[in-house]
Every structure is written in structure tokens, then in C-alpha cells.
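Asker: This one is target-v2.cif, mmCIF, C-alpha atoms.
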```
data_coords
loop_
_atom_site.label_atom_id
_atom_site.label_comp_id
_atom_site.auth_asym_id
_atom_site.auth_seq_id
_atom_site.Cartn_x
_atom_site.Cartn_y
_atom_site.Cartn_z
CA MET A 1 -1.00 5.06 -47.87
CA SER A 2 2.58 6.15 -47.16
CA ALA A 3 5.70 4.12 -47.94
CA PRO A 4 5.80 0.99 -45.77
CA PHE A 5 7.46 1.24 -42.40
CA GLY A 6 10.05 -1.27 -41.26
CA ALA A 7 8.32 -4.17 -39.48
CA CYS A 8 10.24 -3.65 -36.23
CA ILE A 9 10.36 -1.54 -33.08
CA LEU A 10 13.87 -0.82 -31.84
CA ASP A 11 15.56 0.87 -28.90
CA ALA A 12 18.62 3.01 -28.25
CA GLU A 13 21.65 2.20 -26.14
CA GLY A 14 21.92 5.42 -24.18
CA LEU A 15 20.76 8.95 -23.52
CA ARG A 16 21.34 10.19 -27.09
CA LEU A 17 21.69 8.37 -30.38
CA THR A 18 25.08 7.32 -31.66
CA PRO A 19 26.02 7.98 -35.31
CA ASP A 20 25.72 4.23 -35.98
CA GLU A 21 22.21 4.17 -34.52
CA LYS A 22 21.17 7.14 -36.63
CA ARG A 23 22.39 5.35 -39.76
CA LEU A 24 20.59 2.13 -38.80
CA PHE A 25 17.30 3.87 -38.08
CA ALA A 26 17.46 5.92 -41.29
CA ARG A 27 18.06 2.74 -43.30
CA ALA A 28 15.57 0.45 -41.50
CA ASN A 29 12.80 3.03 -40.95
CA PRO A 30 11.36 1.08 -37.97
CA PHE A 31 7.66 1.52 -37.28
CA GLY A 32 8.56 2.96 -33.89
CA PHE A 33 10.84 2.97 -30.89
CA ILE A 34 10.81 1.94 -27.22
CA LEU A 35 12.56 3.59 -24.28
CA PHE A 36 14.06 2.03 -21.14
CA ALA A 37 15.46 3.36 -17.87
CA ARG A 38 18.93 3.64 -19.44
CA ASN A 39 17.45 6.18 -21.88
CA ILE A 40 16.01 8.38 -19.12
CA ASP A 41 17.85 11.14 -17.25
CA THR A 42 16.17 14.56 -17.30
CA PRO A 43 13.01 15.80 -19.01
CA ASP A 44 15.00 17.89 -21.49
CA GLN A 45 17.28 14.94 -22.29
CA VAL A 46 14.28 12.66 -22.96
CA ARG A 47 12.71 15.29 -25.22
CA ALA A 48 15.99 15.58 -27.14
CA LEU A 49 16.26 11.79 -27.50
CA CYS A 50 12.69 11.56 -28.79
CA ALA A 51 13.50 14.30 -31.32
CA ASP A 52 16.65 12.38 -32.34
CA LEU A 53 14.64 9.22 -32.93
CA ARG A 54 12.03 10.95 -35.05
CA ASP A 55 14.65 12.93 -36.98
CA ALA A 56 16.43 9.67 -37.82
CA VAL A 57 13.37 8.32 -39.66
CA GLY A 58 12.10 11.69 -40.90
CA ARG A 59 8.57 11.32 -39.53
CA ASP A 60 6.49 11.43 -36.37
CA ALA A 61 7.21 7.81 -35.42
CA PRO A 62 5.51 6.45 -32.29
CA ILE A 63 7.71 6.20 -29.20
CA THR A 64 6.54 3.80 -26.52
CA ILE A 65 7.60 2.91 -22.99
CA ASP A 66 6.62 0.57 -20.15
CA GLN A 67 5.03 2.90 -17.63
CA GLU A 68 2.60 0.61 -15.82
CA GLY A 69 3.47 1.92 -12.37
CA GLY A 70 4.76 -0.18 -9.51
CA ARG A 71 7.70 -2.41 -10.40
CA VAL A 72 7.43 -1.68 -14.11
CA GLN A 73 7.92 2.02 -14.65
CA ARG A 74 10.82 3.63 -16.48
CA LEU A 75 10.10 7.19 -15.31
CA ARG A 76 10.75 7.49 -11.58
CA ALA A 77 11.12 9.97 -8.73
CA PRO A 78 12.30 12.60 -8.16
CA GLN A 79 11.48 13.84 -11.68
CA TRP A 80 8.26 11.84 -12.10
CA ARG A 81 5.56 10.26 -9.95
CA GLU A 82 5.95 6.91 -8.25
CA TRP A 83 2.94 4.57 -8.39
CA LEU A 84 1.57 1.64 -6.44
CA PRO A 85 1.54 -1.68 -8.28
CA PRO A 86 -1.72 -1.80 -10.28
CA LEU A 87 -3.23 -4.70 -8.30
CA GLU A 88 -2.69 -2.81 -5.03
CA HIS A 89 -4.05 0.38 -6.56
CA VAL A 90 -7.26 -1.36 -7.63
CA ALA A 91 -7.67 -2.95 -4.20
CA GLU A 92 -7.09 0.32 -2.37
CA ALA A 93 -9.63 2.18 -4.53
CA GLY A 94 -12.33 -0.45 -3.99
CA GLN A 95 -15.62 0.56 -5.63
CA ASN A 96 -13.86 3.61 -7.10
CA ALA A 97 -11.24 1.50 -8.87
CA ALA A 98 -12.25 2.18 -12.47
CA GLN A 99 -12.31 5.94 -11.90
CA ALA A 100 -9.02 5.77 -10.03
CA MET A 101 -7.36 3.81 -12.83
CA TYR A 102 -8.61 6.30 -15.41
CA VAL A 103 -7.18 9.23 -13.44
CA ARG A 104 -3.92 7.38 -12.73
CA TYR A 105 -3.28 6.74 -16.42
CA ARG A 106 -4.47 10.21 -17.45
CA LEU A 107 -1.74 11.57 -15.17
CA ILE A 108 0.78 9.09 -16.59
CA ALA A 109 -0.24 10.16 -20.09
CA ALA A 110 0.39 13.81 -19.17
CA GLU A 111 3.90 12.94 -18.00
CA LEU A 112 4.63 10.92 -21.14
CA HIS A 113 3.16 13.41 -23.61
CA ASP A 114 5.17 16.23 -22.07
CA LEU A 115 8.35 14.32 -23.00
CA GLY A 116 7.35 13.42 -26.54
CA ILE A 117 6.43 9.83 -25.66
CA ASP A 118 3.12 8.98 -27.31
CA SER A 119 2.54 5.30 -26.53
CA ASN A 120 2.49 3.18 -23.38
CA CYS A 121 2.65 -0.61 -23.06
CA ALA A 122 -0.62 -0.78 -21.10
CA PRO A 123 -3.31 -1.84 -20.33
CA LEU A 124 -2.17 -5.25 -19.12
CA VAL A 125 -5.35 -7.32 -19.03
CA ASP A 126 -3.95 -10.71 -18.06
CA VAL A 127 -6.31 -12.27 -15.50
CA ALA A 128 -4.47 -13.05 -12.28
CA GLY A 129 -4.95 -16.31 -10.44
CA PRO A 130 -3.47 -18.04 -7.41
CA GLN A 131 -0.77 -19.58 -9.60
CA THR A 132 0.28 -16.42 -11.48
CA HIS A 133 4.04 -15.95 -11.33
CA ASP A 134 5.30 -13.09 -9.16
CA PHE A 135 6.87 -11.35 -12.16
CA LEU A 136 3.33 -10.62 -13.35
CA LYS A 137 0.88 -10.91 -10.48
CA ASN A 138 0.83 -7.43 -8.94
CA ARG A 139 0.98 -5.90 -12.43
CA CYS A 140 -2.51 -7.34 -13.09
CA TYR A 141 -5.79 -5.53 -12.41
CA GLY A 142 -7.85 -8.33 -10.89
CA PHE A 143 -8.80 -12.00 -10.59
CA ASP A 144 -11.86 -12.17 -12.86
CA ALA A 145 -12.32 -11.29 -16.51
CA GLY A 146 -15.06 -8.71 -15.95
CA THR A 147 -13.09 -6.65 -13.45
CA VAL A 148 -9.95 -6.84 -15.55
CA ALA A 149 -11.80 -5.70 -18.68
CA ARG A 150 -13.37 -2.73 -16.86
CA MET A 151 -10.02 -1.65 -15.44
CA GLY A 152 -8.36 -2.14 -18.81
CA ARG A 153 -10.91 0.09 -20.51
CA ALA A 154 -10.36 2.80 -17.90
CA VAL A 155 -6.59 2.59 -18.41
CA ALA A 156 -6.92 2.79 -22.20
CA ASP A 157 -9.32 5.73 -22.01
CA GLY A 158 -7.02 7.64 -19.66
CA LEU A 159 -4.09 7.16 -22.01
CA LEU A 160 -6.02 8.00 -25.18
CA ASP A 161 -7.50 11.16 -23.64
CA GLY A 162 -3.94 12.19 -22.81
CA GLY A 163 -2.71 11.75 -26.37
CA VAL A 164 -0.96 8.43 -25.71
CA LEU A 165 -1.63 5.22 -27.66
CA PRO A 166 -2.30 2.19 -25.45
CA VAL A 167 -0.72 -1.19 -26.22
CA LEU A 168 -2.97 -4.04 -25.05
CA LYS A 169 -0.96 -6.86 -23.50
CA HIS A 170 -0.18 -9.76 -23.30
CA ILE A 171 -2.57 -11.02 -25.93
CA PRO A 172 -4.24 -13.58 -25.73
CA GLY A 173 -3.52 -13.83 -21.95
CA HIS A 174 -0.51 -14.42 -19.69
CA GLY A 175 -2.18 -14.83 -16.32
CA ARG A 176 -1.79 -18.62 -16.03
CA ALA A 177 1.98 -18.48 -16.45
CA VAL A 178 3.77 -20.11 -13.54
CA VAL A 179 7.25 -19.24 -14.85
CA ASP A 180 8.74 -15.91 -15.94
CA SER A 181 8.78 -15.71 -19.74
CA HIS A 182 11.84 -13.47 -19.55
CA LEU A 183 13.68 -16.61 -18.42
CA ASP A 184 11.63 -19.67 -19.48
CA LEU A 185 8.80 -20.68 -21.80
CA PRO A 186 5.51 -20.98 -19.87
CA VAL A 187 3.17 -23.78 -20.91
CA VAL A 188 -0.54 -23.49 -20.12
CA ASP A 189 -2.63 -26.65 -20.44
CA ALA A 190 -6.11 -25.25 -19.70
CA PRO A 191 -8.80 -26.32 -22.18
CA HIS A 192 -9.86 -23.97 -24.95
CA ALA A 193 -13.32 -23.31 -23.50
CA GLU A 194 -11.86 -22.23 -20.15
CA LEU A 195 -9.30 -19.99 -21.82
CA SER A 196 -12.03 -18.38 -23.94
CA SER A 197 -14.31 -17.62 -21.00
CA ILE A 198 -11.56 -16.27 -18.71
CA ASP A 199 -8.16 -15.48 -20.20
CA PHE A 200 -9.23 -14.35 -23.66
CA ALA A 201 -12.35 -12.47 -22.51
CA PRO A 202 -10.76 -9.12 -21.52
CA PHE A 203 -8.91 -9.00 -24.84
CA HIS A 204 -12.19 -9.60 -26.66
CA ALA A 205 -13.78 -6.76 -24.67
CA LEU A 206 -10.92 -4.44 -25.70
CA ASN A 207 -10.46 -5.69 -29.25
CA ASP A 208 -11.01 -2.20 -30.64
CA LEU A 209 -7.74 -0.80 -29.23
CA PRO A 210 -5.14 0.34 -31.77
CA MET A 211 -2.21 -1.88 -30.78
CA GLY A 212 -1.56 -5.14 -28.95
CA MET A 213 1.46 -7.12 -27.73
CA THR A 214 1.72 -10.91 -27.84
CA ALA A 215 2.37 -13.36 -25.02
CA HIS A 216 5.35 -15.73 -25.26
CA LEU A 217 3.28 -18.66 -23.95
CA VAL A 218 2.34 -22.11 -25.19
CA TYR A 219 -1.38 -22.91 -24.96
CA SER A 220 -1.00 -26.66 -25.33
CA ALA A 221 -4.72 -27.30 -25.93
CA LEU A 222 -4.41 -25.22 -29.10
CA ASP A 223 -0.82 -25.46 -30.39
CA ALA A 224 2.64 -26.59 -29.32
CA ARG A 225 4.27 -23.34 -30.42
CA PRO A 226 4.47 -20.11 -28.38
CA ALA A 227 1.64 -17.75 -29.34
CA THR A 228 4.10 -15.24 -30.84
CA LEU A 229 5.29 -17.90 -33.30
CA SER A 230 1.98 -19.72 -33.78
CA PRO A 231 -0.22 -19.17 -36.86
CA VAL A 232 -2.95 -21.00 -34.92
CA MET A 233 -2.85 -18.55 -32.01
CA MET A 234 -2.43 -15.50 -34.21
CA GLY A 235 -5.48 -16.65 -36.16
CA LEU A 236 -7.39 -17.05 -32.91
CA ILE A 237 -6.40 -13.51 -31.86
CA ARG A 238 -7.74 -12.11 -35.12
CA GLU A 239 -10.86 -14.30 -35.40
CA GLU A 240 -12.08 -15.50 -31.99
CA ILE A 241 -10.84 -12.51 -29.99
CA GLY A 242 -11.54 -10.21 -32.93
CA PHE A 243 -8.53 -7.97 -32.41
CA GLY A 244 -8.15 -5.72 -35.45
CA GLY A 245 -5.25 -3.51 -34.36
CA LEU A 246 -1.53 -3.65 -35.01
CA ILE A 247 0.08 -6.63 -33.26
CA MET A 248 3.65 -6.37 -32.03
CA THR A 249 5.58 -9.21 -30.49
CA ASP A 250 6.72 -9.04 -26.91
CA ASP A 251 10.50 -8.61 -26.82
CA ILE A 252 11.94 -11.39 -28.99
CA SER A 253 15.16 -11.47 -26.95
CA MET A 254 13.29 -12.98 -23.98
CA LYS A 255 14.47 -16.49 -23.10
CA ALA A 256 11.00 -17.98 -23.67
CA LEU A 257 11.83 -18.09 -27.38
CA ASN A 258 14.55 -20.30 -28.87
CA GLY A 259 16.57 -19.69 -32.00
CA SER A 260 18.51 -16.86 -33.57
CA LEU A 261 16.98 -13.41 -33.34
CA PRO A 262 16.58 -13.07 -37.13
CA ASP A 263 14.88 -16.49 -37.28
CA ILE A 264 12.52 -15.55 -34.44
CA ALA A 265 11.74 -12.25 -36.18
CA ARG A 266 10.91 -14.00 -39.44
CA GLY A 267 8.91 -16.70 -37.64
CA SER A 268 6.77 -14.22 -35.74
CA LEU A 269 5.92 -12.28 -38.90
CA GLU A 270 5.13 -15.50 -40.77
CA ALA A 271 2.84 -16.51 -37.89
CA GLY A 272 0.83 -13.31 -38.28
CA CYS A 273 2.43 -10.64 -36.09
CA ASP A 274 2.75 -7.26 -37.79
CA VAL A 275 5.82 -5.86 -36.05
CA VAL A 276 8.82 -7.34 -34.22
CA LEU A 277 9.87 -5.78 -30.90
CA LEU A 278 13.57 -6.16 -30.07
CA CYS A 279 14.95 -4.79 -26.80
CA ASN A 280 18.32 -4.67 -25.07
CA ALA A 281 20.29 -5.96 -28.05
CA SER A 282 23.63 -5.01 -29.59
CA LEU A 283 23.86 -2.79 -32.64
CA ASP A 284 24.72 -5.82 -34.80
CA GLU A 285 21.68 -7.70 -33.48
CA ARG A 286 19.42 -4.74 -34.13
CA CYS A 287 20.76 -4.49 -37.68
CA ALA A 288 20.20 -8.21 -38.29
CA VAL A 289 16.64 -8.15 -36.93
CA ALA A 290 15.75 -5.01 -38.89
CA GLU A 291 16.97 -6.71 -42.06
CA ALA A 292 15.15 -9.97 -41.28
CA SER A 293 11.93 -8.12 -40.47
CA GLY A 294 11.81 -6.15 -43.70
CA GLN A 295 8.80 -3.94 -44.28
CA LEU A 296 5.27 -4.16 -42.97
CA SER A 297 2.85 -6.16 -45.08
CA GLU A 298 0.13 -4.24 -46.87
CA ALA A 299 -2.39 -5.26 -44.19
CA GLY A 300 0.10 -4.47 -41.43
CA GLN A 301 0.82 -1.05 -42.91
CA ALA A 302 -2.90 -0.30 -42.98
CA ARG A 303 -3.20 -1.33 -39.32
CA ALA A 304 -0.14 0.77 -38.46
CA GLU A 305 -1.62 3.84 -40.12
CA ARG A 306 -4.95 3.33 -38.34
CA ALA A 307 -3.09 3.09 -35.03
CA LEU A 308 -1.20 6.31 -35.68
CA ALA A 309 -4.43 8.04 -36.67
CA ALA A 310 -5.78 7.23 -33.18
CA ARG A 311 -3.24 9.62 -31.65
CA LYS A 312 -5.06 12.77 -30.64
CA THR A 313 -4.33 16.10 -29.07
CA PRO A 314 -4.76 15.70 -25.30
CA ASP A 315 -7.86 17.17 -23.75
CA GLU A 316 -7.23 20.06 -21.41
CA VAL A 317 -6.93 18.99 -17.78
CA ASP A 318 -6.15 20.58 -14.43
CA ILE A 319 -3.34 18.37 -13.12
CA PRO A 320 -3.60 19.44 -9.43
CA ALA A 321 -7.36 18.83 -9.59
CA LEU A 322 -6.76 15.35 -11.05
CA GLU A 323 -4.24 14.58 -8.32
CA ALA A 324 -6.75 15.67 -5.69
CA LYS A 325 -9.45 13.54 -7.31
CA LEU A 326 -7.20 10.49 -7.31
CA ASP A 327 -6.37 11.02 -3.64
CA ALA A 328 -10.08 11.22 -2.84
CA LEU A 329 -10.86 8.07 -4.83
CA LEU A 330 -8.11 6.14 -3.08
CA ASN A 331 -9.28 7.30 0.31
CA GLY A 332 -12.95 6.42 -0.13
CA ARG A 333 -14.15 9.95 -0.79
CA GLY A 334 -14.97 9.48 -4.46
CA ASP A 335 -18.40 9.50 -5.99
CA GLY A 336 -18.52 5.77 -6.73
#
```
Give the structure from this file in C-alpha cells form.

Answerer:
Amino acid sequence: MSAPFGACILDAEGLRLTPDEKRLFARANPFGFILFARNIDTPDQVRALCADLRDAVGRDAPITIDQEGGRVQRLRAPQWREWLPPLEHVAEAGQNAAQAMYVRYRLIAAELHDLGIDSNCAPLVDVAGPQTHDFLKNRCYGFDAGTVARMGRAVADGLLDGGVLPVLKHIPGHGRAVVDSHLDLPVVDAPHAELSSIDFAPFHALNDLPMGMTAHLVYSALDARPATLSPVMMGLIREEIGFGGLIMTDDISMKALNGSLPDIARGSLEAGCDVVLLCNASLDERCAVAEASGQLSEAGQARAERALAARKTPDEVDIPALEAKLDALLNGRGDG
């Protein structure tokens, strides 16, 4: 086992690293990094930034991004493909939806891998319902656990085959949220049995994936604390859902969580998360959270190394042929 990584995932302010960022990353040795639209200009610039990030920590650290398609995609036209929201994509593909989602995310993986990005914050297997908040609804894959799990598996397979690590989110399920956790703390009062049979079920079906991201939600039937900060919910994720991969928090700067960023970082790790994700913060805040997070636990380091070992060389694909296949699947000409 290598020296422990820092128990955090951090971002950069701009298109290239500043000297202060390089010093912070060298000192903190974060497990990995995340990119946002402000970090994206041209393909060559993104490749250079990814090289900067890895040079700063002296290893092949994972670099992730939110490239779901639809509203949530950091790579956009004219340099990269634009995508329908996932829920619309699934509906349009009909009986071909699982194949279409596989091809969609295999193409996304090709775009990411070409830039040096080797992780994507997908699949999102929150089960949508009539009450699901608009910030999430059309990012979902369906309205029942079975459909969502099938689509999630197709997404994960497409990414993995393209050399990109999937991040399963938002574990153990965000679909019942009626407020936006970027702004408020959602509280879900459904009973445990109902949550297990619906919300938690797709995560159980995909509990073999290498990495997962928590939901900043209170499940009041189980605990009064948000899942990210709840030893009860983190235990449920490990035991009932059976998720054995590396667990990162959702962004701890989201307004769903109260307290100072270092306190939230420490609280999430004490609850059972492996890694703290901090986004859109100042340099001083990033320094404070990196210090508060410290290093991965022995168990967390083992999970981190297993996740990194799941990265593979992409299989060879014919991109124009994949694009033609996706067009056929979306237009009812697929093979079912």
C-alpha cells in the first residue's frame, strides 16, 4: 500500500494552477481533483491543467468532473457534444434506453479520456417521483427502482469501458428531495421499509462500483442528521446497501450543511465518509479543509487504491459508428 492520500478532493480556481495552488496540492496530497466550467477552455488547455494537477502531487491522481449531459455538463459545444437531459434521453430511446445510455456514456468517456479526465460523477441513480425538485428531476433516469438500476448499470459500463471511473450518486438516494440541497437541507420522512424497497434499491444493485457520493439529506425515520454527517446512514450504506467502494461527500460547501467547512469536513469523516469534496472555495478555505481532513484512514486508503485499480485502458471503438448507433437507437431503429 502506498503512502496515504489526503482525505479530500479539491478544485482549481482557473485555467492553470497558481503557484499557491501548486504548493497547497503538494503539501495536502489530495486523493484527487474535480473540474468545473471555469477550468475549461480548449482541449489543449484542459490537458495542460490535468498535467499540472498530477504534477503537483507527483502521481496519477484521479481527476473527475460532472458530465451527466443536459443541464449538468462542464464540457460544452462547440468543442464537445451537447446532450439531452438523461430523463429525456431515456424516454426518447424507449425500449432501447439501456443500450442508448451505454453508448451515450461511452462517447462521453471518450471525450473525457482524451483530455486526461478519468472519472465522472455519474451514474445518478436517484429514483424520480412526482415531488422531485426540478434541480434534480430531469437528471434522473426513471421513476422506478428497476429501470433506474438498469440505466445506471449501462452508464457505469459505458464509462468503465472508456477508461473512466464512475461515481455513484447520490447515495443512499436523493429522489424524494423537494428542496434544492445546494440551497437548503431536504428532509425526507418516508419509512425505512419504503426507502429500502425504492430509494436504496438502485444503490444496492450497483454496490460493486468503485466510488460513490453522498446525499446531503435527512432521512428522519432513521436519523436527524444529514446522511453525509450521520454514522447511522453511513453504516446503512455499508451494511444494508452493501456499498464497498470509496465514499466521497457531495460538495461540503452546499447550503444543506451548517457549520464551518473544517468542522463539516471532520464530521463527515467521523461519520464514515472516506473523502471530503470541497468545491468553489477560496484558497484559504481549501487549505483549512485539507488540514482538517488529514489523511485517508487505513480502510479508506485500501478502498481508494481498489478504486484506482479499476481504471483501465479504454477498449478500441469506432466513434462515428457509435454515433450512428446512438442515432439509430434514439430513432427506433435499434435492435432492442

Asker: Would you kindly return, as a PyMOL selection string, each protein, DNA or RNA residue with an atom no farther than 7 Å from any atom of segment 144-154 of chain A, considering only C-alpha atoms and excluding same-chain residues fewer than 2 positions away?

Answerer: chain A and resi 98+101-102+123-125+127+141-142+156-158+198-199+201-202+205-206

Asker: Return as a Markdown table the residues of segment 168-200 of chain A lying at most 9 Å from segment 244-259 of chain A, together with the closest atom-to-atom pair for each and the distance in Å to one decimal, counting all atoms listed in the file, with rows in chain order and ascending residue number.

Answerer:
```
| residue | atom | partner | partner_atom | distance |
| --- | --- | --- | --- | --- |
| A:Lys169 | CA | A:Asp250 | CA | 8.7 |
| A:His170 | CA | A:Asp250 | CA | 7.8 |
| A:Ile171 | CA | A:Ile247 | CA | 8.9 |
| A:Asp180 | CA | A:Ala256 | CA | 8.3 |
| A:Ser181 | CA | A:Ala256 | CA | 5.1 |
| A:His182 | CA | A:Met254 | CA | 4.7 |
| A:Leu183 | CA | A:Lys255 | CA | 4.7 |
| A:Asp184 | CA | A:Ala256 | CA | 4.6 |
| A:Leu185 | CA | A:Ala256 | CA | 4.0 |
| A:Pro186 | CA | A:Ala256 | CA | 7.3 |
```

Asker: Give as a PyMOL selection string the residues that the PyMOL selection byres ((chain A and resi 276) around 8) matches when applied to the coordinates above.

Answerer: chain A and resi 7-9+248-252+265+268-269+273-275+277-278+293

Asker: Name all residues at most 6 Å from Gly163 of chain A (count only C-alpha atoms; drop same-chain ones fewer than 5 positions away) and give them as a ChimeraX atom specification.

Answerer: /A:311-314

Asker: Could you list the residues chosen by the PyMOL selection byres ((chain A and resi 2) around 12) in this structure as a PyMOL selection string?

Answerer: chain A and resi 1+3-5+59+296+298+301-302+304-306

Asker: Please list, as a list in words, the residues that have an atom at most 9 Å away from (8.2, 12.1, -22.2) in the coordinates of this file, counting only C-alpha atoms.

Answerer: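 In the file's frame, the residues around the point are Pro43, Asp44, Val46, Arg47, Cys50, Leu75, Ala109, Ala110, Glu111, Leu112, His113, Asp114, Leu115, Gly116, Ile117 and Asp118 of chain A.
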
Asker: Write the residues of the selection above to a file with C-alpha atoms, as a compact mmCIF listing (two decimals), in the coordinates of the input.

Answerer:
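Printed below is part17.txt as written:
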```txt
# COMPACT_ATOMS: atom_id res chain seq x y z
CA PRO A 43 13.01 15.80 -19.01
CA ASP A 44 15.00 17.89 -21.49
CA VAL A 46 14.28 12.66 -22.96
CA ARG A 47 12.71 15.29 -25.22
CA CYS A 50 12.69 11.56 -28.79
CA LEU A 75 10.10 7.19 -15.31
CA ALA A 109 -0.24 10.16 -20.09
CA ALA A 110 0.39 13.81 -19.17
CA GLU A 111 3.90 12.94 -18.00
CA LEU A 112 4.63 10.92 -21.14
CA HIS A 113 3.16 13.41 -23.61
CA ASP A 114 5.17 16.23 -22.07
CA LEU A 115 8.35 14.32 -23.00
CA GLY A 116 7.35 13.42 -26.54
CA ILE A 117 6.43 9.83 -25.66
CA ASP A 118 3.12 8.98 -27.31
```

Asker: Taking into account all atoms listed in the file, which residue in the set A:Asp263, A:Asn96, A:Ala271, A:Trp80 is nearest to Glu291 of chain A?

Answerer: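 Of A:Asp263, A:Asn96, A:Ala271, A:Trp80, the one nearest Glu291 of chain A, counting all atoms listed in the file, is A:Asp263.
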
Asker: Could you tell me how far atom CA of Ala288 of chain A sits from atom CA of Val232 of chain A, in Å to one decimal place?

Answerer: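 Value for the atom CA of Val232 of chain A-atom CA of Ala288 of chain A distance: 26.7 Å.
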
Asker: Can you measure atom CA of Gln99 of chain A to atom CA of Pro62 of chain A for me? One decimal in Å is fine.

Answerer: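 Spanning atom CA of Gln99 of chain A to atom CA of Pro62 of chain A is a straight-line distance of 27.1 Å.
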
Asker: With distances taken over all atoms listed in the file, which residue among A:Phe33, A:Phe200, A:Phe25, A:Phe135 lies nearest Asp11 of chain A?

Answerer: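 Once distances to Asp11 of chain A are computed over all atoms listed in the file, the minimum belongs to A:Phe33.
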
Asker: Which of these, A:Val155, A:Ala28, A:Met211, A:Ala97, has the shortest distance to Thr64 of chain A once you count all atoms listed in the file?

Answerer: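 Residue with the minimum atom-to-atom distance to Thr64 of chain A: A:Met211.
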
Asker: For atom CA of Pro191 of chain A and atom CA of Ala177 of chain A, determine how far apart the two atoms are, in Å to one decimal place.

Answerer: 14.5 Å

Asker: So which one's closest to Gly162 of chain A, A:Arg238, A:Arg104, A:Arg23, A:His133? Using all atoms listed in the file, please.

Answerer: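 For Gly162 of chain A, the nearest of the candidates is A:Arg104.
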
Asker: Pick out the closest residue to Leu17 of chain A from this set: A:Asp55, A:Asp318, A:Glu323, A:Glu285. Count all atoms listed in the file.

Answerer: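 Checking each of A:Asp55, A:Asp318, A:Glu323, A:Glu285 against Leu17 of chain A, counting all atoms listed in the file, the winner is A:Asp55.
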
Asker: Can you pull out the residues contacting segment 224-231 of chain A? Cut-off 6 Å, using all atoms listed in the file, and skip same-chain residues under 5 positions away; I want them as JSON, numbers by chain.

Answerer: {"A": [214, 216, 217, 218, 267, 268, 271]}
